[in-house]
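K.L.:
Below is the file coords_12.cif, with mmCIF, C-alpha atoms (C1' of nucleotides).
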data_final
loop_
_atom_site.label_atom_id
_atom_site.label_comp_id
_atom_site.auth_asym_id
_atom_site.auth_seq_id
_atom_site.Cartn_x
_atom_site.Cartn_y
_atom_site.Cartn_z
CA MET A 30 23.48 -14.41 -17.14
CA HIS A 31 20.89 -17.03 -17.76
CA ARG A 32 22.41 -17.81 -21.16
CA LEU A 33 25.77 -18.77 -19.72
CA LYS A 34 24.14 -20.94 -17.13
CA ARG A 35 22.11 -22.77 -19.74
CA PHE A 36 25.17 -23.15 -21.96
CA LEU A 37 27.34 -24.62 -19.20
CA GLN A 38 24.60 -26.95 -18.04
CA GLN A 39 23.70 -28.23 -21.47
CA LYS A 40 27.17 -28.53 -22.90
CA PHE A 41 29.11 -29.56 -19.83
CA GLN A 42 26.54 -30.77 -17.31
CA LEU A 43 27.54 -28.16 -14.78
CA PRO A 44 25.57 -29.03 -11.62
CA GLU A 45 23.07 -26.45 -10.41
CA LYS A 46 24.83 -26.00 -7.10
CA ASP A 47 28.19 -25.39 -8.76
CA TRP A 48 26.58 -22.69 -10.84
CA GLU A 49 25.14 -21.09 -7.74
CA MET A 50 28.61 -20.99 -6.25
CA ILE A 51 30.48 -19.53 -9.19
CA LYS A 52 27.90 -17.23 -10.72
CA GLU A 53 28.71 -14.33 -8.46
CA TYR A 54 32.18 -14.15 -10.01
CA PHE A 55 30.82 -13.28 -13.42
CA GLN A 56 29.84 -9.82 -14.51
CA LEU A 57 27.39 -8.73 -17.17
CA GLN A 58 28.87 -6.02 -19.37
CA PHE A 59 27.56 -4.21 -22.41
CA PHE A 60 29.62 -3.09 -25.37
CA LYS A 61 28.40 -0.70 -28.03
CA LYS A 62 28.89 -1.42 -31.69
CA ASN A 63 32.52 -0.78 -32.73
CA GLU A 64 33.84 -0.73 -29.18
CA TYR A 65 36.84 -2.88 -28.35
CA PHE A 66 36.92 -5.64 -25.80
CA VAL A 67 40.60 -6.45 -26.36
CA ARG A 68 43.17 -3.95 -27.55
CA GLU A 69 46.55 -4.54 -29.14
CA GLY A 70 49.30 -3.72 -26.66
CA LYS A 71 47.05 -4.03 -23.64
CA ILE A 72 46.60 -6.99 -21.37
CA CYS A 73 43.40 -8.94 -21.82
CA ARG A 74 42.14 -8.95 -18.25
CA LYS A 75 38.87 -10.72 -18.84
CA LEU A 76 37.45 -13.55 -20.82
CA ALA A 77 33.87 -13.33 -21.97
CA PHE A 78 30.94 -15.44 -22.98
CA ILE A 79 28.91 -13.77 -25.71
CA ALA A 80 25.31 -13.67 -24.55
CA GLU A 81 24.24 -11.39 -27.36
CA GLY A 82 25.93 -9.89 -30.39
CA VAL A 83 28.68 -10.46 -32.95
CA MET A 84 32.36 -9.75 -32.45
CA ARG A 85 35.49 -10.04 -34.51
CA TYR A 86 39.04 -10.88 -33.72
CA CYS A 87 41.27 -8.67 -35.83
CA MET A 88 44.69 -7.23 -36.55
CA PHE A 89 45.91 -4.03 -38.10
CA ARG A 90 48.93 -4.35 -40.36
CA GLU A 91 51.55 -1.63 -40.55
CA ASP A 92 50.40 -0.84 -44.08
CA GLY A 93 46.98 0.00 -42.74
CA THR A 94 45.16 -3.12 -43.85
CA ASP A 95 42.61 -4.43 -41.43
CA ILE A 96 42.42 -8.19 -41.14
CA THR A 97 39.54 -10.10 -39.61
CA CYS A 98 40.93 -13.36 -38.24
CA PHE A 99 37.51 -14.67 -37.31
CA PHE A 100 34.07 -13.94 -36.02
CA SER A 101 32.38 -15.00 -32.80
CA TYR A 102 28.78 -14.68 -31.80
CA GLU A 103 26.20 -15.90 -29.31
CA ASN A 104 27.32 -18.86 -27.19
CA ASP A 105 30.91 -18.46 -28.14
CA PHE A 106 33.82 -17.04 -26.15
CA ALA A 107 35.69 -13.80 -26.58
CA GLY A 108 39.05 -12.51 -25.46
CA ASP A 109 42.65 -13.35 -26.25
CA PRO A 110 43.53 -16.52 -24.35
CA GLU A 111 47.24 -16.05 -24.96
CA SER A 112 47.22 -12.64 -23.33
CA PHE A 113 44.72 -13.58 -20.66
CA PHE A 114 46.49 -16.65 -19.33
CA SER A 115 49.93 -15.11 -19.50
CA GLN A 116 48.71 -11.64 -18.44
CA LYS A 117 50.99 -10.15 -21.06
CA PRO A 118 49.97 -7.58 -23.67
CA SER A 119 47.89 -8.88 -26.53
CA ASN A 120 48.90 -8.50 -30.16
CA LYS A 121 45.31 -8.69 -31.36
CA ASN A 122 42.04 -6.84 -31.03
CA MET A 123 38.54 -7.96 -30.35
CA GLN A 124 35.84 -5.61 -31.51
CA ALA A 125 32.07 -5.59 -31.13
CA LEU A 126 30.39 -5.47 -34.54
CA THR A 127 26.93 -5.09 -33.05
CA ASP A 128 25.84 -3.99 -29.61
CA CYS A 129 26.97 -6.86 -27.40
CA ALA A 130 26.11 -8.33 -24.03
CA LEU A 131 29.12 -10.11 -22.57
CA ILE A 132 29.37 -12.16 -19.43
CA THR A 133 32.90 -11.58 -18.28
CA LEU A 134 35.27 -13.26 -15.89
CA SER A 135 38.31 -11.46 -14.60
CA TYR A 136 41.66 -13.15 -14.19
CA GLU A 137 41.48 -12.71 -10.42
CA ASN A 138 38.02 -14.24 -10.22
CA MET A 139 39.05 -17.14 -12.40
CA GLN A 140 41.91 -17.85 -9.99
CA ILE A 141 39.48 -17.82 -7.10
CA ILE A 142 37.08 -20.17 -8.81
CA LEU A 143 39.83 -22.59 -9.76
CA GLN A 144 41.17 -22.63 -6.22
CA GLN A 145 37.92 -22.86 -4.37
CA TYR A 146 36.01 -25.07 -6.77
CA PRO A 147 38.58 -27.35 -8.39
CA GLN A 148 35.83 -29.48 -9.89
CA VAL A 149 35.22 -26.61 -12.31
CA LYS A 150 38.67 -27.10 -13.82
CA GLU A 151 37.29 -29.85 -15.99
CA ILE A 152 34.84 -27.44 -17.51
CA PHE A 153 37.52 -24.89 -18.22
CA ALA A 154 39.54 -27.59 -19.90
CA ALA A 155 36.51 -28.65 -21.93
CA ILE A 156 35.97 -25.09 -23.07
CA ASP A 157 39.58 -24.92 -24.12
CA ASN A 158 39.04 -27.98 -26.21
CA LEU A 159 35.95 -26.51 -27.76
CA VAL A 160 37.77 -23.36 -28.78
CA MET A 161 40.69 -25.37 -30.11
CA THR A 162 38.42 -27.49 -32.23
CA LYS A 163 36.76 -24.41 -33.66
CA LEU A 164 40.15 -22.98 -34.58
CA LEU A 165 41.28 -26.21 -36.17
CA ASN A 166 38.25 -26.46 -38.36
CA GLN A 167 38.31 -22.83 -39.34
CA ARG A 168 41.84 -23.00 -40.61
CA THR A 169 40.86 -26.04 -42.54
CA SER A 170 37.82 -24.84 -44.32
CA ASN A 171 38.97 -21.87 -46.30
CA LEU A 172 42.23 -22.81 -47.86
CA ASN A 173 43.10 -23.67 -51.41
CA THR A 174 39.86 -22.77 -53.06
CA ASP A 175 38.95 -19.63 -54.94
CA ALA A 176 37.22 -16.71 -53.27
CA ASP A 177 33.87 -17.66 -54.74
CA SER A 178 33.84 -21.08 -53.08
CA ARG A 179 35.13 -19.62 -49.85
CA TYR A 180 32.28 -17.14 -49.80
CA ARG A 181 29.69 -19.81 -50.55
CA GLU A 182 31.08 -21.92 -47.76
CA PHE A 183 30.99 -18.93 -45.46
CA MET A 184 27.31 -18.34 -46.24
CA LYS A 185 26.52 -21.94 -45.42
CA GLU A 186 28.62 -22.05 -42.27
CA TYR A 187 27.80 -18.64 -40.83
CA PRO A 188 24.37 -17.62 -42.11
CA HIS A 189 23.79 -15.72 -38.89
CA ILE A 190 26.80 -13.52 -39.32
CA LEU A 191 26.10 -12.75 -42.95
CA GLN A 192 23.25 -10.38 -42.28
CA ARG A 193 24.72 -8.72 -39.26
CA VAL A 194 28.13 -7.41 -40.22
CA PRO A 195 29.49 -5.14 -42.96
CA GLN A 196 30.79 -6.94 -45.99
CA LYS A 197 34.23 -5.44 -45.68
CA TYR A 198 34.87 -7.57 -42.64
CA ILE A 199 33.67 -10.69 -44.38
CA ALA A 200 35.94 -9.82 -47.29
CA SER A 201 38.94 -9.44 -45.02
CA PHE A 202 38.05 -12.71 -43.33
CA LEU A 203 37.98 -14.42 -46.73
CA GLY A 204 41.26 -12.81 -47.69
CA ILE A 205 39.95 -10.61 -50.51
CA THR A 206 39.07 -6.94 -51.00
CA GLU A 207 35.58 -5.58 -50.54
CA GLN A 208 35.42 -4.81 -54.25
CA SER A 209 36.22 -8.39 -55.14
CA LEU A 210 33.57 -9.61 -52.76
CA SER A 211 31.03 -7.28 -54.26
CA ARG A 212 31.96 -8.50 -57.72
CA LEU A 213 31.60 -12.17 -56.96
CA ARG A 214 28.33 -11.58 -55.15
CA LYS A 215 26.86 -10.41 -58.43
CA ASN A 216 27.23 -13.91 -59.83
CA ILE A 217 25.35 -15.70 -57.05
CA MET B 10 61.79 -40.45 -24.25
CA HIS B 11 64.30 -38.12 -22.80
CA ARG B 12 63.09 -35.31 -25.06
CA LEU B 13 59.58 -35.38 -23.70
CA LYS B 14 60.86 -35.40 -20.15
CA ARG B 15 63.06 -32.39 -20.79
CA PHE B 16 60.23 -30.60 -22.56
CA LEU B 17 57.74 -31.14 -19.73
CA GLN B 18 60.24 -30.18 -17.09
CA GLN B 19 61.43 -27.02 -18.80
CA LYS B 20 58.11 -25.77 -20.08
CA PHE B 21 55.83 -26.86 -17.28
CA GLN B 22 58.08 -27.58 -14.32
CA LEU B 23 56.92 -31.18 -14.14
CA PRO B 24 58.54 -32.60 -10.97
CA GLU B 25 60.98 -35.44 -11.42
CA LYS B 26 58.93 -37.84 -9.35
CA ASP B 27 55.79 -37.14 -11.37
CA TRP B 28 57.71 -37.96 -14.52
CA GLU B 29 58.90 -41.22 -13.00
CA MET B 30 55.32 -42.13 -12.28
CA ILE B 31 53.79 -41.34 -15.64
CA LYS B 32 56.60 -42.20 -18.01
CA GLU B 33 55.68 -45.85 -18.20
CA TYR B 34 52.40 -44.91 -19.86
CA PHE B 35 54.11 -43.44 -22.88
CA GLN B 36 55.33 -45.45 -25.82
CA LEU B 37 58.08 -44.67 -28.30
CA GLN B 38 56.93 -45.32 -31.86
CA PHE B 39 58.61 -44.85 -35.21
CA PHE B 40 56.90 -43.76 -38.39
CA LYS B 41 58.46 -43.97 -41.81
CA LYS B 42 58.30 -41.05 -44.18
CA ASN B 43 54.86 -40.77 -45.77
CA GLU B 44 53.19 -43.02 -43.22
CA TYR B 45 50.04 -41.79 -41.52
CA PHE B 46 49.60 -41.27 -37.82
CA VAL B 47 45.96 -40.16 -38.13
CA ARG B 48 43.63 -41.27 -40.89
CA GLU B 49 40.43 -39.68 -42.10
CA GLY B 50 37.46 -41.80 -40.99
CA LYS B 51 39.39 -43.54 -38.26
CA ILE B 52 39.48 -42.73 -34.59
CA CYS B 53 42.63 -41.02 -33.36
CA ARG B 54 43.51 -43.35 -30.49
CA LYS B 55 46.77 -41.70 -29.50
CA LEU B 56 48.27 -38.31 -29.06
CA ALA B 57 51.94 -37.88 -29.71
CA PHE B 58 54.88 -35.70 -28.85
CA ILE B 59 57.23 -35.33 -31.79
CA ALA B 60 60.71 -36.24 -30.58
CA GLU B 61 62.13 -36.25 -34.09
CA GLY B 62 60.80 -35.45 -37.54
CA VAL B 63 58.32 -33.30 -39.42
CA MET B 64 54.63 -34.05 -39.85
CA ARG B 65 51.73 -32.40 -41.57
CA TYR B 66 48.08 -32.12 -40.79
CA CYS B 67 46.15 -32.41 -44.05
CA MET B 68 42.89 -32.95 -45.86
CA PHE B 69 41.97 -34.42 -49.20
CA ARG B 70 39.19 -32.63 -51.04
CA GLU B 71 36.70 -34.52 -53.19
CA ASP B 72 38.24 -32.93 -56.28
CA GLY B 73 41.54 -34.55 -55.45
CA THR B 74 43.33 -31.50 -54.13
CA ASP B 75 45.56 -32.10 -51.17
CA ILE B 76 45.58 -29.38 -48.54
CA THR B 77 48.21 -28.96 -45.85
CA CYS B 78 46.57 -27.26 -42.88
CA PHE B 79 49.81 -26.97 -40.98
CA PHE B 80 53.14 -28.48 -40.10
CA SER B 81 54.45 -29.76 -36.81
CA TYR B 82 57.92 -30.77 -35.86
CA GLU B 83 60.21 -31.47 -32.92
CA ASN B 84 58.78 -30.52 -29.52
CA ASP B 85 55.30 -30.09 -30.87
CA PHE B 86 52.29 -32.34 -30.55
CA ALA B 87 50.60 -34.53 -33.11
CA GLY B 88 47.20 -36.12 -33.42
CA ASP B 89 43.66 -34.85 -33.89
CA PRO B 90 42.46 -33.56 -30.52
CA GLU B 91 38.86 -33.41 -31.67
CA SER B 92 38.83 -37.09 -32.57
CA PHE B 93 41.02 -38.12 -29.67
CA PHE B 94 39.01 -36.54 -26.90
CA SER B 95 35.66 -37.51 -28.35
CA GLN B 96 36.91 -40.89 -29.58
CA LYS B 97 34.96 -40.35 -32.79
CA PRO B 98 36.33 -40.70 -36.32
CA SER B 99 38.63 -37.94 -37.47
CA ASN B 100 38.03 -35.90 -40.59
CA LYS B 101 41.69 -35.10 -41.03
CA ASN B 102 44.99 -36.82 -41.61
CA MET B 103 48.35 -36.52 -40.01
CA GLN B 104 51.24 -37.70 -42.10
CA ALA B 105 54.94 -38.09 -41.45
CA LEU B 106 56.98 -36.08 -43.95
CA THR B 107 60.26 -37.44 -42.70
CA ASP B 108 61.04 -40.50 -40.66
CA CYS B 109 59.61 -39.66 -37.27
CA ALA B 110 60.07 -40.68 -33.67
CA LEU B 111 56.85 -40.13 -31.72
CA ILE B 112 56.22 -40.53 -28.03
CA THR B 113 52.61 -41.60 -27.90
CA LEU B 114 49.95 -41.73 -25.24
CA SER B 115 46.86 -43.86 -25.72
CA TYR B 116 43.43 -42.69 -24.66
CA GLU B 117 43.26 -45.43 -22.04
CA ASN B 118 46.61 -44.49 -20.56
CA MET B 119 45.67 -40.84 -20.48
CA GLN B 120 42.59 -41.74 -18.49
CA ILE B 121 44.70 -43.68 -16.05
CA ILE B 122 47.16 -40.86 -15.61
CA LEU B 123 44.43 -38.28 -15.09
CA GLN B 124 42.74 -40.46 -12.50
CA GLN B 125 45.78 -41.56 -10.60
CA TYR B 126 47.83 -38.39 -10.82
CA PRO B 127 45.36 -35.52 -10.90
CA GLN B 128 48.16 -33.00 -10.43
CA VAL B 129 49.11 -33.71 -14.03
CA LYS B 130 45.83 -32.26 -15.23
CA GLU B 131 47.29 -28.81 -15.02
CA ILE B 132 49.97 -29.78 -17.46
CA PHE B 133 47.48 -31.22 -19.88
CA ALA B 134 45.53 -27.99 -19.68
CA ALA B 135 48.70 -25.98 -20.25
CA ILE B 136 49.50 -28.04 -23.33
CA ASP B 137 46.01 -27.39 -24.62
CA ASN B 138 46.65 -23.71 -24.23
CA LEU B 139 49.94 -23.96 -26.02
CA VAL B 140 48.35 -25.70 -28.98
CA MET B 141 45.50 -23.21 -29.05
CA THR B 142 47.90 -20.30 -29.11
CA LYS B 143 49.81 -21.84 -31.97
CA LEU B 144 46.60 -22.25 -33.93
CA LEU B 145 45.49 -18.71 -33.23
CA ASN B 146 48.73 -17.24 -34.44
CA GLN B 147 48.92 -19.41 -37.48
CA ARG B 148 45.54 -18.33 -38.71
CA THR B 149 46.57 -14.79 -38.18
CA SER B 150 49.83 -14.72 -39.97
CA ASN B 151 48.98 -15.70 -43.49
CA LEU B 152 45.87 -13.83 -44.42
CA ASN B 153 45.37 -10.88 -46.68
CA THR B 154 48.79 -10.66 -48.20
CA ASP B 155 49.99 -11.94 -51.53
CA ALA B 156 51.65 -15.29 -51.93
CA ASP B 157 55.09 -13.75 -52.10
CA SER B 158 54.81 -12.15 -48.66
CA ARG B 159 53.25 -15.27 -47.24
CA TYR B 160 56.20 -17.33 -48.46
CA ARG B 161 58.73 -14.88 -47.08
CA GLU B 162 56.97 -14.97 -43.74
CA PHE B 163 56.94 -18.75 -43.85
CA MET B 164 60.70 -18.81 -44.44
CA LYS B 165 61.25 -16.59 -41.46
CA GLU B 166 58.85 -18.41 -39.19
CA TYR B 167 59.65 -21.99 -40.14
CA PRO B 168 63.22 -22.08 -41.41
CA HIS B 169 63.56 -25.62 -40.09
CA ILE B 170 60.72 -26.93 -42.13
CA LEU B 171 61.78 -25.26 -45.33
CA GLN B 172 64.66 -27.62 -46.05
CA ARG B 173 62.97 -30.76 -44.94
CA VAL B 174 59.69 -31.05 -46.84
CA PRO B 175 58.72 -31.04 -50.52
CA GLN B 176 57.68 -27.66 -51.84
CA LYS B 177 54.30 -28.90 -52.91
CA TYR B 178 53.25 -29.17 -49.29
CA ILE B 179 54.50 -25.69 -48.53
CA ALA B 180 52.57 -24.44 -51.55
CA SER B 181 49.37 -26.08 -50.35
CA PHE B 182 49.96 -24.64 -46.90
CA LEU B 183 50.31 -21.18 -48.42
CA GLY B 184 47.22 -21.70 -50.53
CA ILE B 185 48.89 -21.67 -53.94
CA THR B 186 49.98 -24.23 -56.54
CA GLU B 187 53.45 -25.70 -56.68
CA GLN B 188 54.02 -23.94 -59.99
CA SER B 189 53.18 -20.58 -58.51
CA LEU B 190 55.53 -21.22 -55.62
CA SER B 191 58.30 -22.17 -57.98
CA ARG B 192 57.65 -19.01 -59.98
CA LEU B 193 57.80 -16.68 -57.03
CA ARG B 194 60.90 -18.39 -55.67
CA LYS B 195 62.73 -17.25 -58.76
CA ASN B 196 62.39 -13.65 -57.65
CA ILE B 197 63.89 -14.10 -54.20
"C1'" DA C 24 74.74 -47.99 -62.04
"C1'" DT C 25 70.35 -47.95 -64.15
"C1'" DA C 26 65.73 -47.40 -64.23
"C1'" DA C 27 61.69 -45.62 -62.28
"C1'" DT C 28 59.47 -42.31 -59.65
"C1'" DT C 29 58.90 -37.96 -57.61
"C1'" DT C 30 59.82 -33.16 -57.38
"C1'" DT C 31 60.87 -28.77 -59.35
"C1'" DT C 32 61.11 -25.63 -63.05
"C1'" DT C 33 59.63 -23.37 -67.25
"C1'" DA C 34 56.47 -21.31 -70.53
"C1'" DA C 35 52.25 -19.63 -72.79
"C1'" DC C 36 47.86 -18.50 -72.05
"C1'" DA C 37 43.49 -18.11 -69.18
"C1'" DA C 38 41.18 -16.76 -65.18
"C1'" DA C 39 40.91 -14.54 -60.79
"C1'" DT C 40 41.87 -10.85 -57.89
"C1'" DG C 41 43.92 -6.23 -56.83
"C1'" DT C 42 43.98 -1.16 -57.66
"C1'" DT C 43 42.15 3.11 -58.39
"C1'" DA C 44 38.54 6.12 -58.73
"C1'" DA C 45 33.99 7.32 -58.72
"C1'" DA C 46 29.07 6.85 -58.16
"C1'" DA C 47 25.16 4.88 -55.85
"C1'" DA C 48 22.91 3.24 -51.94
"C1'" DG C 49 22.22 2.96 -47.18
"C1'" DA C 50 22.70 4.39 -42.41
"C1'" DT C 51 23.37 7.83 -38.90
"C1'" DT C 52 23.49 12.38 -37.05
"C1'" DT C 53 22.03 17.05 -36.82
"C1'" DA D 4 14.31 16.45 -43.87
"C1'" DA D 5 18.92 17.52 -44.82
"C1'" DA D 6 23.47 16.72 -44.27
"C1'" DT D 7 27.10 13.70 -43.18
"C1'" DC D 8 29.23 9.53 -42.97
"C1'" DT D 9 29.66 4.65 -44.07
"C1'" DT D 10 28.98 0.84 -47.01
"C1'" DT D 11 28.37 -1.24 -51.43
"C1'" DT D 12 28.66 -1.31 -56.27
"C1'" DT D 13 30.68 -0.44 -60.77
"C1'" DA D 14 34.25 -0.09 -64.27
"C1'" DA D 15 38.78 -0.07 -66.60
"C1'" DC D 16 43.07 -1.64 -66.28
"C1'" DA D 17 47.17 -3.93 -63.86
"C1'" DT D 18 48.91 -7.70 -61.47
"C1'" DT D 19 48.80 -12.10 -59.53
"C1'" DT D 20 47.75 -16.75 -59.64
"C1'" DG D 21 45.83 -20.91 -62.00
"C1'" DT D 22 46.06 -24.31 -65.87
"C1'" DT D 23 48.14 -27.23 -68.94
"C1'" DA D 24 51.91 -29.44 -70.70
"C1'" DA D 25 56.46 -30.55 -70.96
"C1'" DA D 26 61.30 -30.76 -69.69
"C1'" DA D 27 64.83 -30.84 -66.21
"C1'" DA D 28 66.47 -32.11 -61.85
"C1'" DA D 29 66.50 -34.77 -57.84
"C1'" DT D 30 65.38 -38.75 -55.27
"C1'" DT D 31 64.32 -43.60 -54.62
"C1'" DA D 32 64.04 -48.29 -55.93
"C1'" DT D 33 65.83 -52.20 -58.64
#
Could you express the structure from this file as structure tokens?
P.N.:
Amino acid sequence: MHRLKRFLQQKFQLPEKDWEMIKEYFQLQFFKKNEYFVREGKICRKLAFIAEGVMRYCMFREDGTDITCFFSYENDFAGDPESFFSQKPSNKNMQALTDCALITLSYENMQIILQQYPQVKEIFAAIDNLVMTKLLNQRTSNLNTDADSRYREFMKEYPHILQRVPQKYIASFLGITEQSLSRLRKNI
Amino acid sequence: MHRLKRFLQQKFQLPEKDWEMIKEYFQLQFFKKNEYFVREGKICRKLAFIAEGVMRYCMFREDGTDITCFFSYENDFAGDPESFFSQKPSNKNMQALTDCALITLSYENMQIILQQYPQVKEIFAAIDNLVMTKLLNQRTSNLNTDADSRYREFMKEYPHILQRVPQKYIASFLGITEQSLSRLRKNI
DNA sequence: ATAATTTTTTAACAAATGTTAAAAAGATTT
DNA sequence: AAATCTTTTTAACATTTGTTAAAAAATTAT
């Protein structure tokens, strides 16, 4: 819990007393490696702050290929905003790649917070912006270069993830096969 | 102007009287084909609603390659949110690909609206969500398939854009060269 | 209309990545 | 510790995409 508090205070100057008011609406939940936090076809009923662990946002194509859209780890958010805010079934999955500690907020509790403590709306909006910016930059960074450069950039940008997740997921994130990734790693 | 009004009313149920109050803060601006709305290194001082035209969000690599991150057209938004909200220089460009009619909102005017008409905040937040969702799905759709499938998916998803912009931009959006795109188009 | 510029196509060859299959290495369970 | 399962590497060959250069087609400017 303490991690979320520190994050909100440092990044968004959430006042101590506001934290005291809203903290009871959050719940600390643990997910084992490979468990799913969001499932295709089901409604995403909670958003989460990742206190500990690495997760991936992924899709499964009809032909069986498994695509990692992106990774999230400590101090980032998890969940499918599209499904969460609309409370309609998600078309994506979010999976824990390590044992994870998530601080979750249910849809109902979010409603309560927004109604009772409207000053917190600004923070929710700021988080939205943060996530949007992350998405914008991610799309940007790995386009139009060969797999080798993409992997080098990945190593620079996400050194923390590199050690903690199987290469197959990194490969699918980069848009190549695990064999290709293994091959290009030889030349580095 | 009328297009923005209709959009906000239909999508977000903006009340007529709210529109009457805020409309004076927007400005109708025209951009000629190939002109830039956002420039790398400059602060994005306005956000825009695209009333007419097609734009692209792009980057120029040091090696001279020109990357199209994505396209936007009628009823979508334009501008670099990261630069706009932080009022720091942008690292991206937004270029008109056809003659465009934009309904713009300056940073100063946004501040005024948010202060004087706080009920509009919800709509701004909803727009943020809309943009985020678009970004999420875009990242998702064109990963881990060959260029041919990506192009076919692009045709399905963005039939409007197809006819209106040079193929080289579509190629750079798909992550291939214009020659490769031309080649695969032969087989369709 | 003509000229100039930009965009699209074509082709031959090079380089990168996919596919398949198998072995090796590493991790996890019994 | 052994057995099982998962991940990573390797290799040969096929396919896709990039590169270079040039011509053709389309668009824009004079």
K.L.:
Tell me, in Å to one decimal, how far atom CA of A:Lys185 is from atom CA of A:Ile96.
P.N.:
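Taking atom CA of A:Lys185 and atom CA of A:Ile96, their separation equals 21.5 Å.
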K.L.:
Could you pull the residues within 10 Å of B:Leu106, counting only C-alpha atoms (C1' of nucleotides), minus those fewer than 6 positions along the same chain, as an MDAnalysis selection string?
P.N.:
chainID B and resid 40:45 62:65 80:82 173:175 178
K.L.:
Select, as a PyMOL selection string, those residues of chain C with any atom no more than 9 Å from chain B (distances computed using all atoms listed in the file).
P.N.:
chain C and resi 30-33
K.L.:
Please enumerate the residues selected by the PyMOL selection byres ((chain D) within 8 of (chain A)) when evaluated against the supplied file, formatted as a PyMOL selection string.
P.N.:
chain D and resi 10-12
K.L.:
Could you list, as a ChimeraX atom specification, the residues of chain B having an atom within 9 Å of chain A when counting all atoms listed in the file?
P.N.:
/B:67-68,74-79,90-91,94,130-131,133-134,137-142,144-145,147-149,152-154,181-186
K.L.:
Given the file shown, enumerate the residues that the PyMOL selection byres ((chain B and resi 10) around 8) captures and present them as a PDB file with C-alpha atoms, in the coordinates of the input.
P.N.:
ATOM      1  CA  HIS B  11      64.300 -38.120 -22.800  1.00  0.00           C
ATOM      2  CA  ARG B  12      63.090 -35.310 -25.060  1.00  0.00           C
ATOM      3  CA  LEU B  13      59.580 -35.380 -23.700  1.00  0.00           C
ATOM      4  CA  LYS B  14      60.860 -35.400 -20.150  1.00  0.00           C
ATOM      5  CA  LEU B  37      58.080 -44.670 -28.300  1.00  0.00           C
ATOM      6  CA  ALA B  60      60.710 -36.240 -30.580  1.00  0.00           C
ATOM      7  CA  ILE B 112      56.220 -40.530 -28.030  1.00  0.00           C
TER       8      ILE B 112
END
K.L.:
To verify the selection step, state as a compact mmCIF listing (two decimals) with C-alpha atoms (C1' of nucleotides), keeping the file's coordinate frame which residues the PyMOL selection byres ((chain C and resi 24) around 12) yields on this input.
P.N.:
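What landed in out-v7.txt:
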# COMPACT_ATOMS: atom_id res chain seq x y z
C1' DT C 25 70.35 -47.95 -64.15
C1' DA C 26 65.73 -47.40 -64.23
C1' DT D 33 65.83 -52.20 -58.64
K.L.:
Report, in Å to a single decimal, how far apart atom CA of A:Ser119 and atom CA of B:Ile132 are.
P.N.:
22.9 Å
K.L.:
For a test of reading the model, state the distance in Å between atom CA of B:Thr113 and atom CA of B:Phe58, rounded to one decimal.
P.N.:
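Atom CA of B:Thr113 sits 6.4 Å away from atom CA of B:Phe58.
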K.L.:
Just want the 12 Å neighbourhood of C:DA44, counted on only C-alpha atoms (C1' of nucleotides), with same-chain residues fewer than 4 positions away dropped. Output as an MDAnalysis selection string.
P.N.:
chainID D and resid 13:16
K.L.:
Which neighbours of B:Ala87 fall inside 7 Å, counting all atoms listed in the file, when residues of the same chain fewer than 5 positions from it are skipped, and could you give them as a compact mmCIF listing (two decimals) with C-alpha atoms, in the coordinates of the input?
P.N.:
# COMPACT_ATOMS: atom_id res chain seq x y z
CA LEU B 56 48.27 -38.31 -29.06
CA ALA B 57 51.94 -37.88 -29.71
CA PHE B 58 54.88 -35.70 -28.85
CA ILE B 59 57.23 -35.33 -31.79
K.L.:
Mind checking which residues fall within 12 Å of D:DA24, counting all atoms listed in the file, ignoring those fewer than 3 positions away in the same chain, and posting them as a list in words?
P.N.:
DT33, DA34, DA35 and DC36 of chain C
K.L.:
If I put a ball of radius 12 Å at (55.8, -40.0, -10.1) in the file's coordinates, which residues poke into it when counting all atoms listed in the file, written as a CSV table (one decimal) with C-alpha atoms, in the coordinates of the input?
P.N.:
chain,number,residue,atom,x,y,z
B,23,LEU,CA,56.9,-31.2,-14.1
B,24,PRO,CA,58.5,-32.6,-11.0
B,25,GLU,CA,61.0,-35.4,-11.4
B,26,LYS,CA,58.9,-37.8,-9.4
B,27,ASP,CA,55.8,-37.1,-11.4
B,28,TRP,CA,57.7,-38.0,-14.5
B,29,GLU,CA,58.9,-41.2,-13.0
B,30,MET,CA,55.3,-42.1,-12.3
B,31,ILE,CA,53.8,-41.3,-15.6
B,32,LYS,CA,56.6,-42.2,-18.0
B,33,GLU,CA,55.7,-45.8,-18.2
B,34,TYR,CA,52.4,-44.9,-19.9
B,122,ILE,CA,47.2,-40.9,-15.6
B,125,GLN,CA,45.8,-41.6,-10.6
B,126,TYR,CA,47.8,-38.4,-10.8
B,127,PRO,CA,45.4,-35.5,-10.9
B,128,GLN,CA,48.2,-33.0,-10.4
B,129,VAL,CA,49.1,-33.7,-14.0
K.L.:
Between A:Cys129, A:Ile72, A:Ile141, A:Val67, which one has atoms that come closest to A:Gln116, using all atoms listed in the file?
P.N.:
A:Ile72
K.L.:
I want to know what sits within 9 Å of C:DT40, based on all atoms listed in the file, with residues of the same chain fewer than 4 positions away left out; could you give that as a ChimeraX atom specification?
P.N.:
/A:176,205-206,209 /D:18-20
